[in-house]
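Structure below is model.cif: mmCIF, C-alpha atoms.
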```cif
data_coords
#
loop_
_atom_site.label_atom_id
_atom_site.label_comp_id
_atom_site.auth_asym_id
_atom_site.auth_seq_id
_atom_site.Cartn_x
_atom_site.Cartn_y
_atom_site.Cartn_z
CA MET A 1 8.94 25.86 1.43
CA LYS A 2 6.85 26.84 4.43
CA ASN A 3 4.71 29.18 2.38
CA LYS A 4 3.88 26.44 -0.10
CA ASN A 5 2.78 24.04 2.63
CA ASN A 6 0.49 26.60 4.21
CA LYS A 7 -1.00 27.27 0.84
CA SER A 8 -1.69 23.59 0.29
CA GLU A 9 -3.34 23.40 3.71
CA LYS A 10 -5.48 26.41 2.93
CA ASN A 11 -6.47 24.88 -0.39
CA ILE A 12 -7.48 21.67 1.30
CA LEU A 13 -9.62 23.68 3.71
CA ILE A 14 -11.33 25.58 0.87
CA ALA A 15 -11.99 22.31 -0.92
CA PHE A 16 -13.41 20.84 2.28
CA ILE A 17 -15.86 23.70 2.85
CA LEU A 18 -16.94 23.66 -0.82
CA ASN A 19 -17.38 19.93 -0.77
CA ILE A 20 -19.25 19.42 2.47
CA SER A 21 -21.75 22.19 1.82
CA PHE A 22 -22.25 20.93 -1.68
CA ALA A 23 -22.61 17.30 -0.63
CA ILE A 24 -25.45 18.19 1.74
CA PHE A 25 -27.15 20.35 -0.89
CA GLU A 26 -26.76 17.44 -3.28
CA LEU A 27 -28.19 14.80 -0.97
CA ILE A 28 -31.35 16.92 -0.69
CA GLY A 29 -31.31 17.34 -4.46
CA GLY A 30 -31.03 13.62 -5.00
CA PHE A 31 -34.18 12.97 -2.99
CA PHE A 32 -35.92 15.90 -4.65
CA THR A 33 -35.20 14.67 -8.20
CA ASN A 34 -35.43 11.01 -7.23
CA SER A 35 -32.15 10.29 -8.97
CA VAL A 36 -30.05 7.50 -7.53
CA ALA A 37 -27.10 8.75 -9.58
CA ILE A 38 -27.24 12.03 -7.68
CA ILE A 39 -27.78 10.36 -4.31
CA SER A 40 -24.88 8.00 -4.92
CA ASP A 41 -22.75 10.90 -6.02
CA SER A 42 -23.62 12.74 -2.83
CA ILE A 43 -22.62 9.76 -0.70
CA HIS A 44 -19.33 9.76 -2.58
CA ASP A 45 -19.00 13.51 -2.03
CA ILE A 46 -19.72 13.27 1.69
CA GLY A 47 -17.09 10.55 1.85
CA ASP A 48 -14.68 12.84 0.05
CA ALA A 49 -15.49 15.79 2.24
CA LEU A 50 -14.90 13.75 5.38
CA SER A 51 -11.66 12.44 4.03
CA ILE A 52 -10.57 15.92 3.06
CA GLY A 53 -11.35 17.06 6.60
CA ILE A 54 -9.28 14.19 7.98
CA SER A 55 -6.55 14.97 5.45
CA PHE A 56 -6.47 18.58 6.50
CA PHE A 57 -5.99 17.64 10.13
CA LEU A 58 -3.42 14.95 9.40
CA GLU A 59 -1.61 16.98 6.75
CA LYS A 60 -1.02 19.67 9.40
CA LYS A 61 0.21 17.01 11.81
CA SER A 62 2.43 15.45 9.15
CA LYS A 63 4.33 18.72 8.73
CA GLN A 64 5.72 18.51 12.28
CA LYS A 65 9.48 18.15 12.47
CA PRO A 66 11.01 14.86 13.63
CA ASP A 67 11.44 14.55 17.39
CA ASP A 68 12.42 11.85 19.89
CA LYS A 69 9.07 10.12 19.68
CA TYR A 70 8.82 10.10 15.88
CA THR A 71 12.39 10.03 14.66
CA TYR A 72 11.29 9.96 11.03
CA GLY A 73 8.93 12.86 11.50
CA TYR A 74 5.18 12.76 11.15
CA VAL A 75 4.89 12.20 7.43
CA ARG A 76 3.08 8.89 7.77
CA TYR A 77 0.15 10.71 9.37
CA SER A 78 -0.57 12.06 5.94
CA VAL A 79 -0.56 8.50 4.61
CA ILE A 80 -3.06 7.49 7.29
CA GLY A 81 -5.29 10.28 6.00
CA SER A 82 -5.06 8.68 2.60
CA LEU A 83 -5.84 5.26 4.08
CA ILE A 84 -9.01 6.44 5.85
CA THR A 85 -10.18 8.20 2.68
CA THR A 86 -9.56 5.11 0.63
CA ILE A 87 -11.53 2.87 2.99
CA ILE A 88 -14.43 5.34 3.01
CA LEU A 89 -14.44 5.30 -0.78
CA ILE A 90 -14.32 1.51 -1.02
CA ILE A 91 -17.28 1.13 1.33
CA GLY A 92 -19.13 4.01 -0.33
CA SER A 93 -18.76 2.61 -3.81
CA ILE A 94 -19.99 -0.85 -2.77
CA PHE A 95 -23.01 0.81 -1.14
CA VAL A 96 -23.73 2.79 -4.33
CA ILE A 97 -23.52 -0.27 -6.57
CA TYR A 98 -25.89 -2.16 -4.29
CA ASN A 99 -28.44 0.66 -4.39
CA ALA A 100 -28.20 1.07 -8.13
CA LEU A 101 -28.80 -2.63 -8.77
CA ASN A 102 -31.82 -2.35 -6.53
CA ARG A 103 -33.05 0.59 -8.59
CA ILE A 104 -32.67 -1.32 -11.86
CA LEU A 105 -35.03 -3.97 -10.48
CA ASN A 106 -37.51 -1.35 -9.20
CA PRO A 107 -37.45 1.72 -11.47
CA VAL A 108 -39.01 5.00 -10.28
CA GLU A 109 -40.03 8.36 -11.74
CA ILE A 110 -37.17 10.84 -12.05
CA ASN A 111 -37.31 14.62 -12.31
CA TYR A 112 -34.96 15.09 -15.29
CA ASN A 113 -35.03 18.90 -15.39
CA GLY A 114 -34.09 19.13 -11.73
CA MET A 115 -31.36 16.59 -12.36
CA ILE A 116 -29.91 18.63 -15.23
CA ILE A 117 -29.82 21.80 -13.12
CA PHE A 118 -28.11 19.97 -10.23
CA ALA A 119 -25.59 18.40 -12.55
CA ILE A 120 -24.64 21.78 -14.02
CA PHE A 121 -24.00 23.11 -10.51
CA GLY A 122 -22.13 19.90 -9.74
CA VAL A 123 -19.74 20.32 -12.62
CA ILE A 124 -19.01 23.96 -11.78
CA ILE A 125 -18.50 23.56 -8.03
CA ASN A 126 -16.38 20.44 -8.32
CA PHE A 127 -14.31 21.99 -11.06
CA LEU A 128 -13.51 24.86 -8.69
CA ALA A 129 -12.60 22.45 -5.90
CA ALA A 130 -10.36 20.47 -8.26
CA TYR A 131 -8.70 23.68 -9.37
CA PHE A 132 -7.93 24.66 -5.77
CA THR A 133 -6.35 21.34 -4.86
CA LYS A 134 -4.32 20.68 -7.97
CA GLU A 135 -0.94 21.67 -6.51
CA GLY A 136 -0.59 18.94 -3.91
CA HIS A 137 2.53 16.81 -3.70
CA SER A 138 1.88 14.43 -0.84
CA LEU A 139 0.13 11.11 -1.44
CA ASN A 140 -2.64 12.55 0.66
CA GLN A 141 -3.16 15.65 -1.44
CA LYS A 142 -2.86 13.62 -4.60
CA SER A 143 -5.69 11.45 -3.35
CA VAL A 144 -7.73 14.53 -2.46
CA ASN A 145 -7.17 15.94 -5.93
CA LEU A 146 -8.01 12.62 -7.51
CA HIS A 147 -11.39 12.76 -5.76
CA MET A 148 -11.99 16.23 -7.06
CA LEU A 149 -11.30 15.18 -10.62
CA GLU A 150 -13.47 12.12 -10.16
CA ASP A 151 -16.26 14.35 -8.91
CA VAL A 152 -16.04 16.58 -11.95
CA LEU A 153 -16.06 13.53 -14.18
CA GLY A 154 -18.92 11.98 -12.24
CA TRP A 155 -20.97 15.12 -12.67
CA VAL A 156 -20.25 15.42 -16.38
CA ILE A 157 -21.52 11.86 -16.75
CA VAL A 158 -24.62 12.59 -14.64
CA LEU A 159 -25.28 15.70 -16.74
CA LEU A 160 -25.02 13.81 -20.02
CA GLY A 161 -27.19 11.02 -18.63
CA ALA A 162 -29.81 13.49 -17.44
CA ILE A 163 -29.95 15.19 -20.84
CA ILE A 164 -30.32 11.86 -22.65
CA MET A 165 -33.06 10.72 -20.24
CA ARG A 166 -34.80 14.05 -20.58
CA PHE A 167 -35.29 13.37 -24.28
CA THR A 168 -35.67 9.57 -24.34
CA ASP A 169 -37.21 8.83 -20.94
CA ILE A 170 -35.09 5.70 -20.52
CA SER A 171 -34.80 5.89 -16.73
CA ILE A 172 -32.54 2.85 -16.42
CA ILE A 173 -29.68 5.10 -17.56
CA ASP A 174 -29.67 6.64 -14.07
CA PRO A 175 -28.66 3.55 -12.07
CA ILE A 176 -26.33 2.38 -14.84
CA LEU A 177 -24.46 5.69 -14.62
CA SER A 178 -24.14 5.44 -10.88
CA ILE A 179 -22.73 1.90 -11.24
CA LEU A 180 -20.15 3.15 -13.74
CA VAL A 181 -19.06 5.99 -11.47
CA ALA A 182 -18.92 3.71 -8.43
CA THR A 183 -16.91 1.04 -10.24
CA PHE A 184 -14.41 3.66 -11.30
CA ILE A 185 -14.09 4.95 -7.72
CA PHE A 186 -13.76 1.40 -6.42
CA LYS A 187 -10.97 0.55 -8.85
CA ASN A 188 -8.98 3.65 -7.99
CA ALA A 189 -9.50 3.21 -4.28
CA ILE A 190 -8.27 -0.38 -4.40
CA SER A 191 -5.07 0.53 -6.24
CA ASN A 192 -4.50 3.40 -3.83
CA PHE A 193 -5.04 0.96 -0.96
CA LYS A 194 -2.34 -1.30 -2.38
CA LEU A 195 0.14 1.59 -2.54
CA ILE A 196 -0.53 2.50 1.08
CA LEU A 197 -0.17 -1.12 2.15
CA ASP A 198 3.20 -1.29 0.40
CA LEU A 199 4.39 1.70 2.41
CA PHE A 200 3.31 0.21 5.73
CA LEU A 201 4.85 -3.14 4.82
CA GLU A 202 8.14 -1.31 4.11
CA LYS A 203 8.19 -2.68 0.56
CA THR A 204 11.06 -1.45 -1.62
CA PRO A 205 9.81 1.62 -3.51
CA SER A 206 8.60 0.68 -6.99
CA ASN A 207 11.13 2.89 -8.79
CA ILE A 208 14.15 1.23 -7.18
CA GLU A 209 15.83 -1.96 -8.38
CA ILE A 210 17.97 -3.33 -5.55
CA ALA A 211 20.08 -5.54 -7.84
CA GLU A 212 20.88 -2.65 -10.15
CA LEU A 213 21.65 -0.38 -7.20
CA LYS A 214 24.04 -2.99 -5.84
CA LYS A 215 25.82 -3.19 -9.20
CA HIS A 216 26.24 0.59 -9.35
CA ILE A 217 27.64 0.78 -5.83
CA GLU A 218 30.03 -2.11 -6.41
CA ASN A 219 31.46 -0.17 -9.35
CA ILE A 220 32.64 2.60 -7.05
CA LYS A 221 36.39 2.55 -6.40
CA GLY A 222 37.27 0.85 -3.11
CA VAL A 223 34.00 -1.02 -2.69
CA LYS A 224 34.59 -4.77 -2.43
CA ASP A 225 31.05 -5.80 -1.58
CA VAL A 226 27.66 -4.41 -0.60
CA HIS A 227 25.15 -6.31 1.47
CA HIS A 228 22.34 -5.78 3.91
CA ILE A 229 20.68 -3.25 1.61
CA HIS A 230 17.38 -1.99 2.99
CA ILE A 231 15.42 0.65 1.13
CA TRP A 232 12.01 1.89 2.22
CA SER A 233 9.82 4.91 1.89
CA ILE A 234 7.97 6.90 4.51
CA ASP A 235 5.39 8.56 2.32
CA GLY A 236 5.93 7.40 -1.26
CA TYR A 237 8.29 10.32 -1.97
CA ASN A 238 11.11 10.30 0.56
CA ASN A 239 13.22 7.16 0.36
CA TYR A 240 15.51 5.93 3.12
CA GLY A 241 18.31 3.42 2.84
CA THR A 242 20.77 1.52 4.98
CA MET A 243 23.56 -0.82 3.91
CA HIS A 244 26.86 -2.44 4.83
CA ILE A 245 29.81 -1.82 2.54
CA VAL A 246 33.00 -3.89 2.64
CA THR A 247 35.95 -1.69 1.64
CA ASP A 248 39.72 -1.93 1.27
CA LYS A 249 40.03 1.64 2.59
CA LYS A 250 41.76 2.80 -0.62
CA ASN A 251 39.26 5.54 -1.40
CA LYS A 252 38.81 8.19 1.23
CA ASN A 253 35.83 9.77 -0.53
CA LEU A 254 34.03 6.44 -0.55
CA LYS A 255 31.11 7.49 1.60
CA GLU A 256 30.48 10.69 -0.36
CA GLU A 257 30.54 8.79 -3.63
CA VAL A 258 28.14 6.15 -2.36
CA LYS A 259 25.78 8.82 -1.04
CA GLU A 260 25.92 10.62 -4.39
CA GLU A 261 25.06 7.39 -6.19
CA LEU A 262 22.14 6.78 -3.85
CA LYS A 263 20.87 10.32 -4.33
CA GLU A 264 20.73 9.66 -8.06
CA HIS A 265 18.46 6.74 -7.29
CA GLY A 266 16.16 8.95 -5.24
CA ILE A 267 17.41 7.83 -1.83
CA SER A 268 18.17 10.94 0.17
CA HIS A 269 18.40 9.66 3.74
CA THR A 270 21.13 7.06 4.10
CA THR A 271 22.98 5.23 6.82
CA ILE A 272 26.08 3.41 5.65
CA GLU A 273 28.17 1.01 7.66
CA LEU A 274 31.71 0.41 6.43
CA GLU A 275 33.43 -2.92 7.14
CA ASP A 276 37.00 -4.13 6.72
CA ILE A 277 37.70 -6.91 4.28
CA ASP A 278 38.57 -9.37 7.04
CA GLU A 279 35.77 -8.35 9.35
CA GLU A 280 33.15 -11.03 10.05
CA CYS A 281 29.72 -9.50 9.66
CA PRO A 282 27.61 -10.95 12.48
CA ASP A 283 24.37 -10.88 10.49
CA GLU A 284 23.01 -14.09 9.01
CA GLU A 285 22.46 -12.73 5.51
CA CYS A 286 25.97 -11.33 5.39
CA GLU A 287 27.49 -14.77 5.86
CA ILE A 288 26.35 -15.75 2.39
CA ASP A 289 27.50 -12.49 0.85
CA THR A 290 30.89 -12.35 2.50
CA ALA A 291 31.72 -15.95 1.58
CA HIS A 292 33.21 -14.97 -1.78
CA ILE A 293 35.39 -12.18 -0.43
CA THR A 294 36.43 -13.33 3.02
CA LYS A 295 39.64 -15.31 3.02
CA HIS A 296 39.13 -17.03 6.33
CA HIS A 297 35.48 -17.99 6.01
CA HIS A 298 34.89 -21.24 7.85
CA HIS A 299 33.08 -23.96 5.98
CA HIS A 300 30.95 -26.19 8.16
#
```

When written as structure tokens, how does the structure in this file appear?
Amino acid sequence: MKNKNNKSEKNILIAFILNISFAIFELIGGFFTNSVAIISDSIHDIGDALSIGISFFLEKKSKQKPDDKYTYGYVRYSVIGSLITTIILIIGSIFVIYNALNRILNPVEINYNGMIIFAIFGVIINFLAAYFTKEGHSLNQKSVNLHMLEDVLGWVIVLLGAIIMRFTDISIIDPILSILVATFIFKNAISNFKLILDLFLEKTPSNIEIAELKKHIENIKGVKDVHHIHIWSIDGYNNYGTMHIVTDKKNKNLKEEVKEELKEHGISHTTIELEDIDEECPDEECEIDTAHITKHHHHH
């Protein structure tokens, strides 16, 4: 496992160096060719490079083992990396759209040949960066790789646009392209933002149906009732769960069976509290649940 993580860190670093040097080269190129599509792409690339740098730092941090201060480990640091990246991209794409609209109103001369040459470099370099980061598994690395693919796509579009403009001289294509690329980035960033928010709000992971889970657990021999189910995720991959199980003590493998069932649902870290049938669960939400199984439940 360790080897793989180091490799992913190294890949992120390679991608970072490729990206930042390229983004600077590109910004100069954008001014040189007068293409707002290239300038906007370079803003996006600088944003990416920064976020990759942040990711690299936080990804390293997120690999630390749990300790007394962070009992769940440092995985969420990686998610913060993703959050910062996402915010940079949202702001960047709004900035790009604003500039492009401005350019549509006030068109300028563009150096198409220079633009074509830059775009060819763009496609190649970003393709390499995408290739290096394709093996990531954390939300963070996925977002880094997503940027890389977006960059390749963005450059392919810029290249096509530059070729068309070279032969038709319709310079409005330039800002329109940059708006398309920016809108695409914006859309992805927003949906990524929502995912991250769900994690921080401890929302039940999207692939888990609590009601169905409850049904499955209640089918296990010896389980009379399940309540107080809490499922959350630290990073979008590792799911944690806690629950109270009322049991008649007739099945001594009960806990193992429940844990097996939960594993099948992708919940690997579990804390299970077992209760006797006649035990009053002190929690408010248990009152309602235990009503139908507790013999001496007091009605007010």

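Taking all atoms listed in the file into account, A:Tyr77 lies nearest to A:Phe200 out of the set A:His244, A:Leu27, A:Phe200, A:Lys187.
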
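Minimum atom-to-atom distances from A:Phe184, A:Ser55, A:Arg76, A:Gly266 to A:Leu197 were compared using only C-alpha atoms, and the lowest value belongs to A:Arg76.
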
Please determine the residues with any atom at most 12 Å from (17.7, -2.5, 4.8) (coordinates as given in the file, with only C-alpha atoms counting) and report them as a ChimeraX atom specification. /A:202-204,210,226-233,239-244,270-273,285

Residue neighbourhood A:Leu58, 7 Å, only C-alpha atoms, exclusion window fewer than 2 positions, as an MDAnalysis selection string: chainID A and resid 54:56 60:62 77:78 81

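What separates atom CA of A:Ala15 from atom CA of A:Leu160 is a distance of 24.6 Å.
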
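Distance-wise, atom CA of A:Lys221 and atom CA of A:Lys250 end up 7.9 Å apart.
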
Given the PyMOL selection byres ((chain A and resi 154) around 9), the residues it picks as a ChimeraX atom specification: /A:41,122-123,149-153,155-159,177-178,181

Residues selected by the PyMOL selection byres ((chain A and resi 106-118) around 10), written as a ChimeraX atom specification: /A:25-26,29-38,100-105,119-123,155,158-167,169,171-172,174-175

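Selection result for the displayed file, with the PyMOL selection byres ((chain A and resi 225) around 10) as criterion, is Lys214, Lys215, Ile217, Glu218, Asn219, Gly222, Val223, Lys224, Val226, His227, His244, Ile245, Val246, Thr247, Asp248, Glu275, Ile277, Asp289, Thr290, His292 and Ile293 of chain A.
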
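Distance-wise, atom CA of A:Phe186 and atom CA of A:Asp45 end up 13.9 Å apart.
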
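The smallest atom-to-atom distance between A:Val75 and any of A:Leu254, A:Ile234, A:Ala182, A:Ile87, using all atoms listed in the file, is found for A:Ile234.
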
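By chain and then residue number, the residues within 7 Å of A:Ile52 are Ile12, Phe16, Asp48, Ala49, Ser55, Phe56 and Val144 of chain A, counting all atoms listed in the file and disregarding those fewer than 3 positions away in sequence.
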
Neighbours of A:Gly92 within 8 Å (only C-alpha atoms; same-chain residues fewer than 4 positions away dropped), as a PyMOL selection string? chain A and resi 43-44+47+88+96

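Between A:Glu59 and the residues A:Asp235, A:Phe22, A:Asp276, A:Leu213, the shortest atom-to-atom distance, using all atoms listed in the file, involves A:Asp235.
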
Which residues are close to A:Leu195, i.e. within 12 Å by only C-alpha atoms, leaving aside same-chain residues fewer than 3 positions away? Reply as a PDB file with C-alpha atoms, in the frame of the given file.
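Printed below is selection_26.pdb as written:
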```pdb
ATOM      1  CA  VAL A  79      -0.560   8.500   4.610  1.00  0.00           C
ATOM      2  CA  ILE A  80      -3.060   7.490   7.290  1.00  0.00           C
ATOM      3  CA  SER A  82      -5.060   8.680   2.600  1.00  0.00           C
ATOM      4  CA  LEU A  83      -5.840   5.260   4.080  1.00  0.00           C
ATOM      5  CA  THR A  86      -9.560   5.110   0.630  1.00  0.00           C
ATOM      6  CA  LEU A 139       0.130  11.110  -1.440  1.00  0.00           C
ATOM      7  CA  ASN A 140      -2.640  12.550   0.660  1.00  0.00           C
ATOM      8  CA  SER A 143      -5.690  11.450  -3.350  1.00  0.00           C
ATOM      9  CA  ASN A 188      -8.980   3.650  -7.990  1.00  0.00           C
ATOM     10  CA  ALA A 189      -9.500   3.210  -4.280  1.00  0.00           C
ATOM     11  CA  ILE A 190      -8.270  -0.380  -4.400  1.00  0.00           C
ATOM     12  CA  SER A 191      -5.070   0.530  -6.240  1.00  0.00           C
ATOM     13  CA  ASN A 192      -4.500   3.400  -3.830  1.00  0.00           C
ATOM     14  CA  ASP A 198       3.200  -1.290   0.400  1.00  0.00           C
ATOM     15  CA  LEU A 199       4.390   1.700   2.410  1.00  0.00           C
ATOM     16  CA  PHE A 200       3.310   0.210   5.730  1.00  0.00           C
ATOM     17  CA  LEU A 201       4.850  -3.140   4.820  1.00  0.00           C
ATOM     18  CA  GLU A 202       8.140  -1.310   4.110  1.00  0.00           C
ATOM     19  CA  LYS A 203       8.190  -2.680   0.560  1.00  0.00           C
ATOM     20  CA  THR A 204      11.060  -1.450  -1.620  1.00  0.00           C
ATOM     21  CA  PRO A 205       9.810   1.620  -3.510  1.00  0.00           C
ATOM     22  CA  SER A 206       8.600   0.680  -6.990  1.00  0.00           C
ATOM     23  CA  SER A 233       9.820   4.910   1.890  1.00  0.00           C
ATOM     24  CA  ILE A 234       7.970   6.900   4.510  1.00  0.00           C
ATOM     25  CA  ASP A 235       5.390   8.560   2.320  1.00  0.00           C
ATOM     26  CA  GLY A 236       5.930   7.400  -1.260  1.00  0.00           C
ATOM     27  CA  TYR A 237       8.290  10.320  -1.970  1.00  0.00           C
TER      28      TYR A 237
END
```

Box for stretch 21-27 of chain A - axis-aligned, 5 Å on each of the six sides, all listed atoms - centre and size in Å to one decimal, as lines of an AutoDock Vina configuration file.
```
center_x = -25.0
center_y = 18.5
center_z = -0.7
size_x = 16.4
size_y = 17.4
size_z = 15.1
```

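Shortest atom-to-atom contact with A:Leu180 among A:Ile97, A:Ile267, A:Ala23, A:Ile90: A:Ile97, counting all atoms listed in the file.
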
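Comparing the minimum interatomic distances between A:Leu262 and each of A:Met148, A:His216, A:Ile170, A:Lys249, counting all atoms listed in the file, we find that A:His216 sits nearest.
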
Please fill the gaps in stretch 203-223 of chain A so it has N, CA, C and O atoms, and write that as a tab-separated table (two decimals), in the coordinates of the input.
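The resulting file, selection-v2.tsv, is shown below:
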```tsv
chain	number	residue	atom	x	y	z
A	203	LYS	N	7.77	-2.09	1.83
A	203	LYS	CA	8.19	-2.68	0.56
A	203	LYS	C	9.18	-1.73	-0.13
A	203	LYS	O	9.07	-0.52	0.02
A	204	THR	N	10.12	-2.30	-0.87
A	204	THR	CA	11.06	-1.45	-1.62
A	204	THR	C	10.27	-0.58	-2.59
A	204	THR	O	9.41	-1.08	-3.30
A	205	PRO	N	10.54	0.73	-2.61
A	205	PRO	CA	9.81	1.62	-3.51
A	205	PRO	C	9.85	1.12	-4.95
A	205	PRO	O	10.87	0.59	-5.39
A	206	SER	N	8.75	1.30	-5.67
A	206	SER	CA	8.60	0.68	-6.99
A	206	SER	C	9.63	1.17	-8.00
A	206	SER	O	9.94	0.49	-8.95
A	207	ASN	N	10.18	2.38	-7.79
A	207	ASN	CA	11.13	2.89	-8.79
A	207	ASN	C	12.57	2.52	-8.48
A	207	ASN	O	13.50	3.03	-9.08
A	208	ILE	N	12.79	1.61	-7.54
A	208	ILE	CA	14.15	1.23	-7.18
A	208	ILE	C	14.39	-0.27	-7.36
A	208	ILE	O	13.65	-1.08	-6.86
A	209	GLU	N	15.43	-0.57	-8.16
A	209	GLU	CA	15.83	-1.96	-8.38
A	209	GLU	C	17.03	-2.24	-7.48
A	209	GLU	O	18.12	-1.72	-7.74
A	210	ILE	N	16.86	-3.08	-6.48
A	210	ILE	CA	17.97	-3.33	-5.55
A	210	ILE	C	19.20	-3.92	-6.27
A	210	ILE	O	20.32	-3.50	-6.05
A	211	ALA	N	18.96	-4.87	-7.16
A	211	ALA	CA	20.08	-5.54	-7.84
A	211	ALA	C	20.91	-4.54	-8.65
A	211	ALA	O	22.14	-4.56	-8.65
A	212	GLU	N	20.20	-3.64	-9.32
A	212	GLU	CA	20.88	-2.65	-10.15
A	212	GLU	C	21.66	-1.67	-9.27
A	212	GLU	O	22.80	-1.31	-9.57
A	213	LEU	N	21.03	-1.29	-8.16
A	213	LEU	CA	21.65	-0.38	-7.20
A	213	LEU	C	22.96	-0.98	-6.70
A	213	LEU	O	23.99	-0.31	-6.64
A	214	LYS	N	22.89	-2.26	-6.36
A	214	LYS	CA	24.04	-2.99	-5.84
A	214	LYS	C	25.18	-2.93	-6.85
A	214	LYS	O	26.33	-2.67	-6.52
A	215	LYS	N	24.83	-3.19	-8.13
A	215	LYS	CA	25.82	-3.19	-9.20
A	215	LYS	C	26.49	-1.81	-9.28
A	215	LYS	O	27.71	-1.71	-9.33
A	216	HIS	N	25.69	-0.77	-9.25
A	216	HIS	CA	26.24	0.59	-9.35
A	216	HIS	C	27.18	0.89	-8.20
A	216	HIS	O	28.24	1.48	-8.39
A	217	ILE	N	26.79	0.48	-6.98
A	217	ILE	CA	27.64	0.78	-5.83
A	217	ILE	C	28.93	-0.03	-5.89
A	217	ILE	O	30.01	0.47	-5.57
A	218	GLU	N	28.83	-1.27	-6.35
A	218	GLU	CA	30.03	-2.11	-6.41
A	218	GLU	C	31.03	-1.60	-7.45
A	218	GLU	O	32.19	-1.95	-7.42
A	219	ASN	N	30.55	-0.75	-8.35
A	219	ASN	CA	31.46	-0.17	-9.35
A	219	ASN	C	32.28	0.98	-8.80
A	219	ASN	O	33.23	1.43	-9.42
A	220	ILE	N	31.91	1.47	-7.63
A	220	ILE	CA	32.64	2.60	-7.05
A	220	ILE	C	34.01	2.12	-6.54
A	220	ILE	O	34.12	1.04	-5.95
A	221	LYS	N	35.02	2.92	-6.79
A	221	LYS	CA	36.39	2.55	-6.40
A	221	LYS	C	36.47	2.28	-4.89
A	221	LYS	O	35.99	3.08	-4.09
A	222	GLY	N	37.07	1.15	-4.52
A	222	GLY	CA	37.27	0.85	-3.11
A	222	GLY	C	36.18	0.00	-2.50
A	222	GLY	O	36.32	-0.51	-1.39
A	223	VAL	N	35.08	-0.19	-3.23
A	223	VAL	CA	34.00	-1.02	-2.69
A	223	VAL	C	34.24	-2.46	-3.11
A	223	VAL	O	34.34	-2.77	-4.28
```
